[in-house]
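Here's query39.cif, which has mmCIF, C-alpha atoms and all ligand atoms:
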data_run
loop_
_atom_site.label_atom_id
_atom_site.label_comp_id
_atom_site.auth_asym_id
_atom_site.auth_seq_id
_atom_site.Cartn_x
_atom_site.Cartn_y
_atom_site.Cartn_z
CA MET W 55 69.29 122.40 119.95
CA THR W 56 68.32 121.81 116.34
CA ARG W 57 67.96 118.21 115.32
CA PRO W 58 70.09 116.75 112.49
CA ILE W 59 68.27 116.69 109.17
CA ILE W 60 67.35 113.52 107.30
CA LEU W 61 66.29 113.32 103.70
CA THR W 62 65.49 110.04 102.09
CA GLY W 63 62.84 108.72 99.76
CA ASP W 64 61.53 106.12 97.39
CA ARG W 65 60.77 105.99 93.71
CA THR W 66 57.03 105.79 93.22
CA THR W 67 56.85 102.76 90.97
CA GLY W 68 54.55 100.56 93.07
CA PRO W 69 53.82 99.55 96.64
CA LEU W 70 56.85 99.00 98.88
CA HIS W 71 58.00 95.55 100.01
CA ILE W 72 59.68 94.02 103.03
CA GLY W 73 63.09 94.68 101.44
CA HIS W 74 62.33 98.40 101.77
CA TYR W 75 61.24 97.79 105.35
CA ALA W 76 64.47 96.02 106.34
CA GLY W 77 66.57 98.32 104.15
CA SER W 78 65.45 101.72 105.33
CA LEU W 79 61.87 102.13 106.61
CA ARG W 80 62.85 100.57 109.90
CA ASN W 81 65.70 103.06 110.34
CA ARG W 82 63.38 105.94 109.49
CA LEU W 83 60.99 104.85 112.25
CA ARG W 84 63.89 104.85 114.68
CA PHE W 85 64.97 108.36 113.65
CA GLN W 86 61.70 110.22 113.64
CA ASP W 87 61.95 111.38 117.25
CA SER W 88 65.62 112.34 117.23
CA HIS W 89 65.92 113.91 113.76
CA GLU W 90 64.10 116.36 111.56
CA GLN W 91 63.06 113.92 108.89
CA PHE W 92 61.88 114.56 105.31
CA LEU W 93 60.63 111.69 103.14
CA LEU W 94 60.53 112.26 99.42
CA LEU W 95 57.96 110.59 97.17
CA ALA W 96 60.38 110.47 94.23
CA ASP W 97 57.99 110.59 91.28
CA THR W 98 60.31 112.47 88.90
CA GLN W 99 63.09 110.00 89.63
CA ALA W 100 60.60 107.17 89.00
CA LEU W 101 60.13 108.60 85.50
CA THR W 102 63.82 108.11 84.68
CA ASP W 103 63.06 104.48 83.87
CA ASN W 104 59.26 104.62 83.66
CA ALA W 105 58.64 107.41 81.15
CA HIS W 106 56.37 105.00 79.25
CA ALA W 107 54.15 104.53 82.32
CA PRO W 108 53.49 107.93 83.95
CA GLY W 109 50.09 106.67 85.12
CA ARG W 110 51.73 104.02 87.24
CA VAL W 111 54.15 106.59 88.65
CA ARG W 112 51.19 108.84 89.55
CA ASP W 113 49.11 106.09 91.16
CA SER W 114 52.08 104.86 93.15
CA VAL W 115 52.42 108.20 94.94
CA ILE W 116 49.45 107.29 97.12
CA GLU W 117 50.58 103.66 97.41
CA VAL W 118 53.99 104.64 98.80
CA ALA W 119 52.48 107.29 101.09
CA LEU W 120 50.09 104.63 102.45
CA ASP W 121 53.02 102.30 103.06
CA TYR W 122 54.85 105.02 104.99
CA LEU W 123 51.87 105.70 107.22
CA ALA W 124 51.03 102.01 107.65
CA VAL W 125 54.48 101.11 108.97
CA GLY W 126 54.24 103.90 111.52
CA ILE W 127 55.71 107.02 109.93
CA ASP W 128 53.96 109.83 111.79
CA PRO W 129 53.31 112.89 109.59
CA GLU W 130 53.43 115.08 112.69
CA LYS W 131 57.06 114.06 113.14
CA SER W 132 58.23 113.31 109.59
CA THR W 133 57.48 115.49 106.57
CA ILE W 134 56.26 113.54 103.53
CA CYS W 135 56.67 115.53 100.29
CA LEU W 136 56.29 115.15 96.52
CA GLN W 137 59.37 115.57 94.34
CA SER W 138 57.65 116.86 91.18
CA HIS W 139 56.11 119.72 93.16
CA LEU W 140 59.42 120.99 94.52
CA PRO W 141 60.77 123.04 91.58
CA ALA W 142 64.03 123.86 93.38
CA LEU W 143 65.00 120.18 93.08
CA ALA W 144 64.73 120.29 89.28
CA GLU W 145 66.58 123.61 89.12
CA LEU W 146 69.41 122.38 91.32
CA SER W 147 69.61 119.16 89.27
CA MET W 148 70.33 121.23 86.15
CA LEU W 149 72.92 123.30 87.97
CA TYR W 150 74.66 120.24 89.40
CA LEU W 151 74.96 118.60 85.98
CA ASN W 152 77.64 121.19 85.29
CA PHE W 153 79.64 119.93 88.25
CA VAL W 154 79.81 116.29 87.23
CA THR W 155 81.22 114.57 84.12
CA VAL W 156 79.56 111.94 81.97
CA ALA W 157 82.50 109.64 82.76
CA ARG W 158 81.85 110.01 86.48
CA LEU W 159 78.14 109.34 86.06
CA GLU W 160 78.91 106.21 84.06
CA ARG W 161 81.33 105.02 86.71
CA ASN W 162 78.79 105.22 89.53
CA PRO W 163 78.40 101.56 90.64
CA THR W 164 74.66 101.92 91.29
CA ILE W 165 74.09 103.28 87.79
CA LYS W 166 76.41 100.69 86.25
CA ASP W 167 74.55 97.82 87.95
CA GLU W 168 71.17 99.16 86.98
CA ILE W 169 72.19 99.78 83.35
CA HIS W 170 73.35 96.17 83.24
CA ALA W 171 70.27 94.75 85.03
CA ARG W 172 67.88 96.60 82.71
CA GLY W 173 69.87 95.90 79.56
CA PHE W 174 69.95 99.60 78.61
CA GLY W 175 73.37 99.63 76.95
CA ARG W 176 73.94 102.93 75.16
CA ASP W 177 70.20 103.47 74.81
CA ILE W 178 69.96 104.64 78.36
CA PRO W 179 67.50 107.49 78.97
CA ALA W 180 69.59 110.61 79.67
CA GLY W 181 67.50 111.27 82.77
CA PHE W 182 68.45 107.87 84.12
CA LEU W 183 72.18 108.40 83.59
CA CYS W 184 71.91 111.79 85.29
CA TYR W 185 69.78 110.79 88.26
CA PRO W 186 72.76 110.82 90.66
CA ALA W 187 72.92 114.59 90.10
CA ALA W 188 69.18 114.83 90.77
CA GLN W 189 69.54 112.75 93.91
CA ALA W 190 72.36 115.07 95.00
CA ALA W 191 69.90 117.94 94.50
CA ASP W 192 67.31 116.14 96.68
CA ILE W 193 69.72 115.57 99.52
CA THR W 194 71.51 118.92 99.48
CA ALA W 195 68.39 121.04 98.98
CA PHE W 196 67.32 119.92 102.45
CA LYS W 197 70.89 120.24 103.78
CA ALA W 198 70.51 116.70 105.03
CA THR W 199 73.42 115.17 106.93
CA VAL W 200 71.88 111.72 107.42
CA VAL W 201 70.42 109.56 104.64
CA PRO W 202 68.91 106.17 105.65
CA VAL W 203 68.99 103.97 102.54
CA GLY W 204 69.59 100.42 101.38
CA GLU W 205 73.21 99.53 100.69
CA ASP W 206 72.77 99.80 96.91
CA GLN W 207 72.35 103.56 97.34
CA ALA W 208 75.68 104.21 99.08
CA PRO W 209 77.56 105.27 95.89
CA LEU W 210 74.88 107.89 95.27
CA ILE W 211 75.56 109.50 98.62
CA GLU W 212 79.28 109.56 97.81
CA GLN W 213 78.60 111.29 94.56
CA THR W 214 76.32 113.75 96.34
CA ASN W 215 79.18 114.64 98.66
CA GLU W 216 81.54 115.16 95.73
CA ILE W 217 79.12 117.57 94.08
CA ALA W 218 78.55 119.40 97.37
CA ARG W 219 82.30 119.84 97.83
CA ARG W 220 82.62 121.27 94.30
CA ILE W 221 79.79 123.75 94.90
CA ASN W 222 81.37 124.78 98.21
CA ALA W 223 84.76 125.18 96.53
CA VAL W 224 83.40 127.45 93.80
CA ALA W 225 81.34 129.42 96.32
CA GLY W 226 84.34 129.72 98.61
CA ARG W 227 82.33 128.78 101.66
CA ASN W 228 80.56 125.76 103.13
CA ILE W 229 77.01 126.20 101.93
CA LEU W 230 76.30 122.46 101.74
CA PRO W 231 77.05 119.91 104.47
CA GLN W 232 78.39 116.43 103.80
CA ALA W 233 75.86 113.63 104.18
CA ARG W 234 76.28 110.20 105.72
CA ALA W 235 74.43 107.10 104.49
CA VAL W 236 72.88 104.97 107.24
CA ILE W 237 72.78 101.40 106.00
CA PRO W 238 71.30 98.45 107.92
CA ARG W 239 73.72 95.86 109.25
CA SER W 240 71.70 92.92 107.92
CA GLY W 241 72.65 93.76 104.32
CA ARG W 242 70.50 93.61 101.25
CA LEU W 243 67.56 91.21 101.34
CA PRO W 244 67.60 88.82 98.36
CA GLY W 245 64.46 87.96 96.40
CA VAL W 246 62.38 84.97 97.55
CA ASP W 247 63.86 83.12 94.55
CA GLY W 248 67.43 83.65 95.75
CA LYS W 249 68.23 86.38 93.18
CA ALA W 250 70.44 89.12 94.58
CA LYS W 251 67.80 91.82 94.65
CA MET W 252 64.19 91.82 95.76
CA SER W 253 62.14 93.83 93.31
CA LYS W 254 58.52 94.16 92.42
CA SER W 255 59.33 94.03 88.72
CA GLY W 256 61.32 90.83 89.30
CA GLY W 257 58.22 89.18 90.81
CA ASN W 258 60.30 88.00 93.78
CA ALA W 259 59.18 90.44 96.47
CA ILE W 260 56.77 90.28 99.40
CA ALA W 261 54.77 93.51 99.52
CA LEU W 262 54.05 95.26 102.82
CA SER W 263 50.40 94.90 101.82
CA ALA W 264 50.64 91.16 100.99
CA SER W 265 47.70 88.92 101.99
CA PRO W 266 48.25 86.06 104.47
CA ASP W 267 48.01 83.53 101.61
CA THR W 268 50.55 85.39 99.49
CA ILE W 269 52.99 85.50 102.40
CA SER W 270 52.48 81.81 103.06
CA ALA W 271 52.97 80.82 99.43
CA ALA W 272 56.09 83.02 99.10
CA VAL W 273 57.73 81.45 102.16
CA LYS W 274 56.84 77.90 101.04
CA ALA W 275 58.42 78.52 97.62
CA MET W 276 61.51 80.14 99.12
CA PHE W 277 64.95 79.08 97.97
CA THR W 278 66.96 77.19 100.64
CA ASP W 279 69.97 74.92 100.26
CA PRO W 280 69.37 72.77 97.16
CA ASN W 281 71.66 70.04 98.56
CA HIS W 282 69.76 69.75 101.84
CA LEU W 283 67.58 66.87 100.74
CA ARG W 284 66.87 65.13 104.04
CA VAL W 285 66.28 66.55 107.48
CA GLU W 286 69.25 64.70 108.92
CA ASN W 287 71.71 66.04 106.28
CA PRO W 288 73.90 69.02 107.16
CA GLY W 289 72.59 72.20 105.49
CA LYS W 290 74.09 75.49 104.39
CA VAL W 291 73.04 78.72 106.07
CA GLU W 292 74.98 81.03 103.73
CA GLY W 293 73.01 81.82 100.60
CA ASN W 294 69.93 80.26 102.17
CA VAL W 295 67.17 82.78 101.65
CA VAL W 296 65.15 81.64 104.67
CA PHE W 297 68.10 82.39 106.94
CA ASN W 298 68.77 85.70 105.16
CA TYR W 299 65.23 86.71 106.04
CA LEU W 300 65.45 85.37 109.59
CA ASP W 301 68.63 87.45 109.99
CA ALA W 302 66.66 90.53 108.97
CA PHE W 303 63.44 89.91 110.91
CA ASP W 304 63.95 87.45 113.78
CA GLU W 305 64.46 89.41 116.97
CA ASP W 306 65.32 86.36 119.06
CA ARG W 307 68.98 86.23 118.06
CA ALA W 308 69.94 83.52 120.58
CA THR W 309 67.38 81.05 119.25
CA LEU W 310 68.29 81.96 115.69
CA ASP W 311 71.96 81.17 116.37
CA GLU W 312 70.97 77.80 117.81
CA LEU W 313 68.81 77.03 114.79
CA LYS W 314 71.67 77.89 112.45
CA ALA W 315 74.01 75.58 114.35
CA ARG W 316 71.46 72.75 114.24
CA TYR W 317 70.80 73.31 110.54
CA ARG W 318 74.52 73.17 109.79
CA ARG W 319 74.95 69.99 111.85
CA GLY W 320 71.92 68.29 110.33
CA GLY W 321 68.63 67.40 111.97
CA LEU W 322 66.66 70.56 111.22
CA GLY W 323 64.29 70.52 108.25
CA ASP W 324 63.49 73.31 105.81
CA SER W 325 59.83 73.13 106.80
CA ALA W 326 60.66 74.00 110.42
CA ILE W 327 62.67 77.12 109.54
CA LYS W 328 60.05 78.13 107.00
CA ARG W 329 57.32 77.81 109.62
CA ARG W 330 59.28 80.06 111.95
CA LEU W 331 59.84 82.65 109.22
CA GLU W 332 56.21 82.57 108.15
CA ASP W 333 55.03 83.23 111.72
CA ILE W 334 57.41 86.19 111.99
CA LEU W 335 56.35 87.69 108.66
CA GLN W 336 52.64 87.21 109.32
CA ALA W 337 53.06 88.96 112.67
CA LEU W 338 55.03 91.81 111.06
CA ILE W 339 52.86 92.38 107.98
CA GLY W 340 49.41 91.68 109.49
CA PRO W 341 49.06 94.97 111.42
CA ILE W 342 50.67 96.95 108.55
CA ARG W 343 48.18 95.51 106.07
CA GLU W 344 45.23 96.31 108.32
CA LYS W 345 46.32 99.86 109.03
CA ARG W 346 46.99 100.41 105.34
CA ALA W 347 43.54 99.16 104.34
CA ALA W 348 41.90 101.50 106.87
CA LEU W 349 43.91 104.51 105.62
CA ALA W 350 43.20 103.65 101.99
CA ARG W 351 39.50 104.25 102.62
CA ASP W 352 40.18 107.98 102.94
CA PRO W 353 42.57 108.99 100.12
CA ALA W 354 41.63 112.69 100.48
CA HIS W 355 43.20 112.67 103.92
CA VAL W 356 46.43 111.21 102.52
CA ILE W 357 46.51 113.76 99.68
CA GLU W 358 46.05 116.61 102.14
CA MET W 359 48.95 115.31 104.21
CA ILE W 360 51.20 115.21 101.12
CA ARG W 361 50.13 118.75 100.20
CA ARG W 362 51.01 120.11 103.63
CA GLY W 363 54.34 118.30 103.70
CA THR W 364 55.23 119.51 100.22
CA GLU W 365 54.52 123.13 101.16
CA LYS W 366 56.83 122.89 104.14
CA ALA W 367 59.52 121.26 102.00
CA ARG W 368 59.12 123.94 99.32
CA CYS W 369 60.17 126.74 101.70
CA ARG W 370 63.23 124.79 102.70
CA THR W 371 64.37 123.79 99.21
CA ASP W 372 63.69 127.23 97.67
CA ALA W 373 65.86 128.86 100.33
CA THR W 374 68.76 126.51 99.60
CA ARG W 375 68.45 127.01 95.86
CA ARG W 376 68.69 130.77 96.32
CA GLU W 377 71.67 130.43 98.61
CA ILE W 378 73.49 128.30 96.03
CA VAL W 379 72.72 130.57 93.07
CA GLU W 380 73.91 133.50 95.16
CA GLY W 381 76.93 131.57 96.47
CA LEU W 382 78.02 130.63 92.94
CA GLY W 383 77.98 134.31 92.09
CA LEU W 384 75.27 134.20 89.44
CA PHE W 385 73.19 137.31 88.72
CA MET W 386 70.49 137.80 91.32
CA LEU W 387 67.18 139.57 90.81
N1 LIG G 1 67.00 106.41 94.66
C1 LIG G 1 66.03 106.08 95.66
C2 LIG G 1 65.35 104.76 95.26
O1 LIG G 1 65.67 104.21 94.23
C3 LIG G 1 64.97 107.13 95.83
C4 LIG G 1 65.48 108.51 96.18
C5 LIG G 1 65.26 109.64 95.45
C6 LIG G 1 66.28 108.88 97.28
N2 LIG G 1 65.85 110.70 96.02
C7 LIG G 1 66.48 110.28 97.16
C8 LIG G 1 66.84 108.18 98.36
C9 LIG G 1 67.27 110.98 98.07
C10 LIG G 1 67.61 108.89 99.28
C11 LIG G 1 67.83 110.27 99.13
O2 LIG G 1 64.47 104.29 95.92
#

In structure tokens, how does this file's structure come out?
Amino acid sequence: MTRPIILTGDRTTGPLHIGHYAGSLRNRLRFQDSHEQFLLLADTQALTDNAHAPGRVRDSVIEVALDYLAVGIDPEKSTICLQSHLPALAELSMLYLNFVTVARLERNPTIKDEIHARGFGRDIPAGFLCYPAAQAADITAFKATVVPVGEDQAPLIEQTNEIARRINAVAGRNILPQARAVIPRSGRLPGVDGKAKMSKSGGNAIALSASPDTISAAVKAMFTDPNHLRVENPGKVEGNVVFNYLDAFDEDRATLDELKARYRRGGLGDSAIKRRLEDILQALIGPIREKRAALARDPAHVIEMIRRGTEKARCRTDATRREIVEGLGLFML
């Protein structure tokens, strides 16, 4: 039996953080034995809002690849590949732009949020506005049916499916499968400052390569319940970042439920829950940081792995591109 195909990836704008881990890396680890998994180092997508900093986009390719390997992605099981070196993805992106309207692109909630958060207004780079079509190209070129992503990416998968249905309709047969987003139950991890989104650019993230001191300082500064001034006061669990993180990373659910009840009743201090969270994060990140540092000593090995993965992905994506061009009834040479 052939295994279902996964395609997912990350923009290469810097090292990944624990939000990525809770949001999708953890699911990818779970899937690598049961699925045929491709992970895309999305450097061309990173350029859609980083055209002024191509050097950072380039350097981050290795950073993200190191993060993948350090958390336990096994290149023998999962194929890690580089977006800019898969020409079929760019070609399909251009084709797909004819199957989507500007109005639809502007309505995409992910794009809308990001335009707002970055203050682009009308001066949005055209590549940024169109990246849902490019992401549709990424997903469909691999004929992926499963896409593990953070919840902010769900509208992009919807739009991918719309484009795939249009292509199939014009071709008169089902060339492209529909894809399903796999989103973690714990929801999006907020920043350590309580802002809705953890992001490196927002300075409110904990990197997967963070030092013990950085982790400790981040947890100590973490936003809790501003009205919980004394240990004996009742506290709020909702909107309390420490509990958001415990929800994502504490495996002892029974104890966590008890702690929440005690915190709500009063009698449990912020320092106690922070200590618990810090222990959990140090235990999670410590081995990742060490493995990452060891791998970083041999970048040539990492580059070779990306090269091999990209070659494998190229065969796959070229074949789909040809099938689509043929299916649409364009002239074939
Ligand atoms: N948009 C994703 C991010 O911002 C990266 C990405 C590019 C992606 N292509 C993809 C994710 C295809 C899933 C599927 O990190």

Checklist entry - Do you know which residues are at most 12 Å from region 113-116 of chain W counting all atoms listed in the file, after dropping those on the same chain fewer than 4 positions away, and could you put them as a ChimeraX atom specification? => result /W:63-70,94-98,100-101,104,107-109,120-124,134-138,346,349-361

Item to check | Interatomic distance (Å, one decimal) between CA of Val201 (chain W) and CA of Glu145 (chain W) | outcome: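 Separation of CA of Val201 (chain W) and CA of Glu145 (chain W): 21.3 Å.
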
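Taking CA of Asp267 (chain W) as the reference point, CA of Asp301 (chain W) is found at 22.6 Å.
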
Checklist entry - For the point (53.0, 80.8, 99.9) in file coordinates, what residues are within 12 Å, counting only C-alpha atoms? Give the answer as number ranges by chain? => result W: 246, 258-260, 264-276, 328-329, 331-332, 335-336

Checklist entry - What's the 6 Å shell around region 208-225 of chain W, counting only C-alpha atoms, without same-chain residues fewer than 2 positions away, as number ranges by chain? => result W: 186, 190, 205-206, 227-230, 232, 381-382

Item to check | Point-to-point distance in Å for CA of Gly73 (chain W) and CA of Asp306 (chain W) | outcome: 19.6 Å

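Of the listed residues (W:Ala198, W:Val125, W:Ile178, W:Ala347), W:Ala198 comes nearest to Phe92 (chain W); the distances count all atoms listed in the file.
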
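The smallest atom-to-atom distance between Gly289 (chain W) and any of W:Arg158, W:Arg319, W:Arg242, W:Arg307, using only C-alpha atoms, is found for W:Arg319.
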
Next on the checklist: So, with only C-alpha atoms as the atoms that count, which of W:Arg112, W:Arg368, W:His74, W:Arg84 lies closest to Ala142 (chain W)?
Outcome noted: W:Arg368

Using the incomplete input, complete region 213-224 of chain W to the level of all heavy atoms; output as an mmCIF file, keeping the file's coordinate frame.
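As a result, selection33.cif now contains:
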data_model
loop_
_atom_site.group_PDB
_atom_site.id
_atom_site.type_symbol
_atom_site.label_atom_id
_atom_site.label_comp_id
_atom_site.auth_asym_id
_atom_site.auth_seq_id
_atom_site.Cartn_x
_atom_site.Cartn_y
_atom_site.Cartn_z
ATOM 1 N N GLN W 213 78.581 110.347 95.668
ATOM 2 C CA GLN W 213 78.600 111.290 94.560
ATOM 3 C C GLN W 213 77.951 112.617 94.970
ATOM 4 O O GLN W 213 78.384 113.689 94.533
ATOM 5 C CB GLN W 213 77.908 110.693 93.339
ATOM 6 C CG GLN W 213 78.414 111.370 92.106
ATOM 7 C CD GLN W 213 78.063 110.698 90.811
ATOM 8 O OE1 GLN W 213 77.441 109.634 90.781
ATOM 9 N NE2 GLN W 213 78.439 111.324 89.724
ATOM 10 N N THR W 214 76.935 112.533 95.807
ATOM 11 C CA THR W 214 76.320 113.750 96.340
ATOM 12 C C THR W 214 77.371 114.581 97.073
ATOM 13 O O THR W 214 77.463 115.798 96.881
ATOM 14 C CB THR W 214 75.194 113.373 97.343
ATOM 15 O OG1 THR W 214 74.176 112.684 96.625
ATOM 16 C CG2 THR W 214 74.613 114.598 98.023
ATOM 17 N N ASN W 215 78.170 113.916 97.893
ATOM 18 C CA ASN W 215 79.180 114.640 98.660
ATOM 19 C C ASN W 215 80.236 115.275 97.766
ATOM 20 O O ASN W 215 80.722 116.367 98.046
ATOM 21 C CB ASN W 215 79.803 113.718 99.709
ATOM 22 C CG ASN W 215 78.834 113.436 100.856
ATOM 23 O OD1 ASN W 215 77.933 114.235 101.115
ATOM 24 N ND2 ASN W 215 79.012 112.321 101.531
ATOM 25 N N GLU W 216 80.575 114.579 96.686
ATOM 26 C CA GLU W 216 81.540 115.160 95.730
ATOM 27 C C GLU W 216 80.977 116.443 95.136
ATOM 28 O O GLU W 216 81.677 117.460 95.050
ATOM 29 C CB GLU W 216 81.761 114.180 94.573
ATOM 30 C CG GLU W 216 82.866 113.179 94.814
ATOM 31 C CD GLU W 216 82.932 112.168 93.666
ATOM 32 O OE1 GLU W 216 82.779 112.554 92.474
ATOM 33 O OE2 GLU W 216 83.109 110.989 93.986
ATOM 34 N N ILE W 217 79.735 116.387 94.706
ATOM 35 C CA ILE W 217 79.120 117.570 94.080
ATOM 36 C C ILE W 217 79.032 118.697 95.107
ATOM 37 O O ILE W 217 79.352 119.854 94.805
ATOM 38 C CB ILE W 217 77.721 117.215 93.498
ATOM 39 C CG1 ILE W 217 77.891 116.246 92.319
ATOM 40 C CG2 ILE W 217 76.973 118.478 93.079
ATOM 41 C CD1 ILE W 217 76.591 115.708 91.733
ATOM 42 N N ALA W 218 78.659 118.367 96.323
ATOM 43 C CA ALA W 218 78.550 119.400 97.370
ATOM 44 C C ALA W 218 79.900 120.061 97.608
ATOM 45 O O ALA W 218 79.981 121.293 97.736
ATOM 46 C CB ALA W 218 78.027 118.772 98.663
ATOM 47 N N ARG W 219 80.965 119.257 97.614
ATOM 48 C CA ARG W 219 82.300 119.840 97.830
ATOM 49 C C ARG W 219 82.675 120.784 96.680
ATOM 50 O O ARG W 219 83.259 121.837 96.898
ATOM 51 C CB ARG W 219 83.358 118.732 97.962
ATOM 52 C CG ARG W 219 83.280 117.998 99.297
ATOM 53 C CD ARG W 219 84.563 117.216 99.591
ATOM 54 N NE ARG W 219 84.771 116.117 98.662
ATOM 55 C CZ ARG W 219 84.296 114.866 98.834
ATOM 56 N NH1 ARG W 219 83.575 114.572 99.916
ATOM 57 N NH2 ARG W 219 84.531 113.928 97.945
ATOM 58 N N ARG W 220 82.305 120.399 95.454
ATOM 59 C CA ARG W 220 82.620 121.270 94.300
ATOM 60 C C ARG W 220 81.870 122.592 94.419
ATOM 61 O O ARG W 220 82.434 123.652 94.174
ATOM 62 C CB ARG W 220 82.185 120.618 92.997
ATOM 63 C CG ARG W 220 82.940 119.409 92.689
ATOM 64 C CD ARG W 220 83.450 119.339 91.252
ATOM 65 N NE ARG W 220 84.421 118.261 91.279
ATOM 66 C CZ ARG W 220 84.136 117.005 90.919
ATOM 67 N NH1 ARG W 220 82.959 116.714 90.404
ATOM 68 N NH2 ARG W 220 85.025 116.065 91.046
ATOM 69 N N ILE W 221 80.596 122.516 94.764
ATOM 70 C CA ILE W 221 79.790 123.750 94.900
ATOM 71 C C ILE W 221 80.427 124.620 95.987
ATOM 72 O O ILE W 221 80.615 125.827 95.794
ATOM 73 C CB ILE W 221 78.330 123.405 95.290
ATOM 74 C CG1 ILE W 221 77.657 122.571 94.191
ATOM 75 C CG2 ILE W 221 77.527 124.656 95.620
ATOM 76 C CD1 ILE W 221 77.213 123.325 92.974
ATOM 77 N N ASN W 222 80.763 124.020 97.109
ATOM 78 C CA ASN W 222 81.370 124.780 98.210
ATOM 79 C C ASN W 222 82.695 125.424 97.764
ATOM 80 O O ASN W 222 82.982 126.562 98.129
ATOM 81 C CB ASN W 222 81.611 123.887 99.419
ATOM 82 C CG ASN W 222 80.315 123.476 100.103
ATOM 83 O OD1 ASN W 222 79.270 124.103 99.892
ATOM 84 N ND2 ASN W 222 80.368 122.438 100.921
ATOM 85 N N ALA W 223 83.464 124.663 96.965
ATOM 86 C CA ALA W 223 84.760 125.180 96.530
ATOM 87 C C ALA W 223 84.579 126.408 95.634
ATOM 88 O O ALA W 223 85.265 127.418 95.801
ATOM 89 C CB ALA W 223 85.539 124.089 95.797
ATOM 90 N N VAL W 224 83.622 126.312 94.700
ATOM 91 C CA VAL W 224 83.400 127.450 93.800
ATOM 92 C C VAL W 224 82.826 128.636 94.586
ATOM 93 O O VAL W 224 83.199 129.786 94.364
ATOM 94 C CB VAL W 224 82.457 127.062 92.637
ATOM 95 C CG1 VAL W 224 82.127 128.282 91.771
ATOM 96 C CG2 VAL W 224 83.101 125.976 91.785
#
